[in-house]
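Peer 1: Next up is a structure, given as structure tokens.
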Amino acid sequence: CGIYNSSMHNCTIGNHVYINHVTNYIANYDIEDHVIIENLELCAMEGESCFGNGFQVEVLDETGGRKIMIYDYLSAHLAYIMAFYKHRSCAIEKLEKMIMEYSEGIKSLRGVIGRNSKLQNCRQIRNVRFGPCTQANGVNRLENGSVNGNQHAPVILGTGITAQNFIFSSGSEISDGTIIANCFIGQGCILSKQYSAENSLFFANCQGFHGEACAVFAGPYTVTHHKST
């Protein structure tokens, strides 16, 4: 345990934490117990963030019109209602108001790296909240998102991935150069092998390899492999 070859700014650090070789700095983060951070370029909070919550995803229609607000507990049922029942404007407004209230409730100037997490060989991390037991190795860039793992279903982030405006749910695995922008990734999903996704929703146990998704609403157990879905 200890801090070696690293610059820390405005951080709280828990017990039994090991931090080594941070090229730039770690700023405005609460680092919980038993965390390992090694060979990291940058990890910082830059202003207030809702960590991807409340972000509007333009699903189903690339030109807009069916935007869905994502948040930590989004379900396929709720997303379906919000996408296909836009004509029920009062109901949609109330749902969006509840999501915004939740998002405002977790807005913070400080990020969190949850207990028993490992961040190794990563490059740039900005405005990201990590849940317990997160495993990140070789990540290229993460910006404005939530990684909602837990001890029973950790989130695994692998080599070369890039993600912006995202929410990763428990048990998900993102690896091998996957590129993600403006997406919700549900529980137990696997995206790998240079998969690319933008303005899309993936719910429980979806898998994507060697392809791309744009404005896709992927219900539970949707599998796509090299353009074959």
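Here, A, B, ... name the chains of the structure tokens in the order displayed, residue numbers run from 1 inside each chain, and ligands are numbered from 1 in the same displayed order.
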Please identify all polymer residues within 8 Å of Val147 (chain A), counting only C-alpha atoms, omitting same-chain residues fewer than 3 positions from it, and present them as a list of chain:residue names.
Peer 2: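 So, after excluding close chain neighbours, the residues are A:Val128, A:Arg129, A:Phe130, A:Gly131, A:Thr134, A:Val155, A:Ile167, A:Phe168, A:Ser169, A:Ser170.
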Peer 1: Can you list, as a PyMOL selection string, every residue of region 121-190 of chain A that DSSP puts in strand (DSSP E or B)?
Peer 2: chain A and resi 124-130+135-137+141-147+156-157+162-168+173-174+179-185+190
Peer 1: What does the structure give for the distance between CA of Thr162 (chain A) and CA of Cys189 (chain A), in Å to one decimal?
Peer 2: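 Going from CA of Thr162 (chain A) over to CA of Cys189 (chain A) covers 16.4 Å.
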Peer 1: Please tabulate, as JSON lines, the residues of region 105-194 of chain A that come within 12 Å of region 36-49 of chain A, each with its closest pair of atoms and the distance in Å to one decimal, counting only C-alpha atoms and ordering rows by chain, then residue number upward.
Peer 2:
```
{"residue": "A:Gly105", "atom": "CA", "partner": "A:Ser49", "partner_atom": "CA", "distance": 10.9}
{"residue": "A:Ile106", "atom": "CA", "partner": "A:Ser49", "partner_atom": "CA", "distance": 8.4}
{"residue": "A:Lys107", "atom": "CA", "partner": "A:Ser49", "partner_atom": "CA", "distance": 5.4}
{"residue": "A:Ser108", "atom": "CA", "partner": "A:Glu48", "partner_atom": "CA", "distance": 5.3}
{"residue": "A:Leu109", "atom": "CA", "partner": "A:Glu48", "partner_atom": "CA", "distance": 4.4}
{"residue": "A:Arg110", "atom": "CA", "partner": "A:Met45", "partner_atom": "CA", "distance": 6.2}
{"residue": "A:Gly111", "atom": "CA", "partner": "A:Met45", "partner_atom": "CA", "distance": 6.2}
{"residue": "A:Val112", "atom": "CA", "partner": "A:Met45", "partner_atom": "CA", "distance": 9.7}
{"residue": "A:Ile113", "atom": "CA", "partner": "A:Ile37", "partner_atom": "CA", "distance": 9.8}
{"residue": "A:Gly114", "atom": "CA", "partner": "A:Ile36", "partner_atom": "CA", "distance": 10.5}
{"residue": "A:Arg115", "atom": "CA", "partner": "A:Ile36", "partner_atom": "CA", "distance": 9.3}
{"residue": "A:Asn116", "atom": "CA", "partner": "A:Ile36", "partner_atom": "CA", "distance": 7.6}
{"residue": "A:Ser117", "atom": "CA", "partner": "A:Ile36", "partner_atom": "CA", "distance": 6.4}
{"residue": "A:Lys118", "atom": "CA", "partner": "A:Ile36", "partner_atom": "CA", "distance": 4.7}
{"residue": "A:Leu119", "atom": "CA", "partner": "A:Ile37", "partner_atom": "CA", "distance": 4.8}
{"residue": "A:Gln120", "atom": "CA", "partner": "A:Glu38", "partner_atom": "CA", "distance": 4.8}
{"residue": "A:Asn121", "atom": "CA", "partner": "A:Asn39", "partner_atom": "CA", "distance": 4.8}
{"residue": "A:Cys122", "atom": "CA", "partner": "A:Leu40", "partner_atom": "CA", "distance": 5.0}
{"residue": "A:Arg123", "atom": "CA", "partner": "A:Glu41", "partner_atom": "CA", "distance": 4.6}
{"residue": "A:Gln124", "atom": "CA", "partner": "A:Leu42", "partner_atom": "CA", "distance": 4.9}
{"residue": "A:Ile125", "atom": "CA", "partner": "A:Cys43", "partner_atom": "CA", "distance": 4.6}
{"residue": "A:Arg126", "atom": "CA", "partner": "A:Ala44", "partner_atom": "CA", "distance": 5.1}
{"residue": "A:Asn127", "atom": "CA", "partner": "A:Met45", "partner_atom": "CA", "distance": 4.7}
{"residue": "A:Val128", "atom": "CA", "partner": "A:Met45", "partner_atom": "CA", "distance": 7.6}
{"residue": "A:Arg129", "atom": "CA", "partner": "A:Met45", "partner_atom": "CA", "distance": 9.5}
{"residue": "A:Phe130", "atom": "CA", "partner": "A:Cys43", "partner_atom": "CA", "distance": 11.5}
{"residue": "A:Pro132", "atom": "CA", "partner": "A:Ile36", "partner_atom": "CA", "distance": 11.9}
{"residue": "A:Cys133", "atom": "CA", "partner": "A:Ile36", "partner_atom": "CA", "distance": 10.4}
{"residue": "A:Thr134", "atom": "CA", "partner": "A:Ile36", "partner_atom": "CA", "distance": 10.4}
{"residue": "A:Gln135", "atom": "CA", "partner": "A:Ile36", "partner_atom": "CA", "distance": 9.7}
{"residue": "A:Ala136", "atom": "CA", "partner": "A:Ile37", "partner_atom": "CA", "distance": 9.6}
{"residue": "A:Asn137", "atom": "CA", "partner": "A:Glu38", "partner_atom": "CA", "distance": 9.6}
{"residue": "A:Gly138", "atom": "CA", "partner": "A:Leu40", "partner_atom": "CA", "distance": 9.2}
{"residue": "A:Val139", "atom": "CA", "partner": "A:Leu40", "partner_atom": "CA", "distance": 9.6}
{"residue": "A:Asn140", "atom": "CA", "partner": "A:Glu41", "partner_atom": "CA", "distance": 9.8}
{"residue": "A:Arg141", "atom": "CA", "partner": "A:Leu42", "partner_atom": "CA", "distance": 9.6}
{"residue": "A:Leu142", "atom": "CA", "partner": "A:Cys43", "partner_atom": "CA", "distance": 9.4}
{"residue": "A:Glu143", "atom": "CA", "partner": "A:Met45", "partner_atom": "CA", "distance": 9.7}
{"residue": "A:Asn144", "atom": "CA", "partner": "A:Ser49", "partner_atom": "CA", "distance": 7.1}
{"residue": "A:Gly145", "atom": "CA", "partner": "A:Ser49", "partner_atom": "CA", "distance": 8.8}
{"residue": "A:Ser146", "atom": "CA", "partner": "A:Ser49", "partner_atom": "CA", "distance": 10.4}
{"residue": "A:Asn165", "atom": "CA", "partner": "A:Ser49", "partner_atom": "CA", "distance": 10.7}
```
Peer 1: When you draw a straight line from CA of Thr224 (chain A) to CA of Cys206 (chain A), how long is it in Å?
Peer 2: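 Going from CA of Thr224 (chain A) over to CA of Cys206 (chain A) covers 8.3 Å.
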Peer 1: Which residue gives the smallest distance to Thr178 (chain A) among A:Val57, A:Ile190, A:Ile161, A:Cys50, with only C-alpha atoms counted?
Peer 2: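 Closest to Thr178 (chain A) of all the choices is A:Ile161.
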Peer 1: Can you work out the spacing between CA of Phe55 (chain A) and CA of Ala83 (chain A) in Å, to one decimal?
Peer 2: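 Atom-to-atom, CA of Phe55 (chain A) and CA of Ala83 (chain A) are spaced 14.5 Å apart.
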Peer 1: Closest to Val22 (chain A) among A:His9, A:Lys67, A:His210, A:His225, using only C-alpha atoms?
Peer 2: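 Comparing A:His9, A:Lys67, A:His210, A:His225 against Val22 (chain A), the winner is A:His9.
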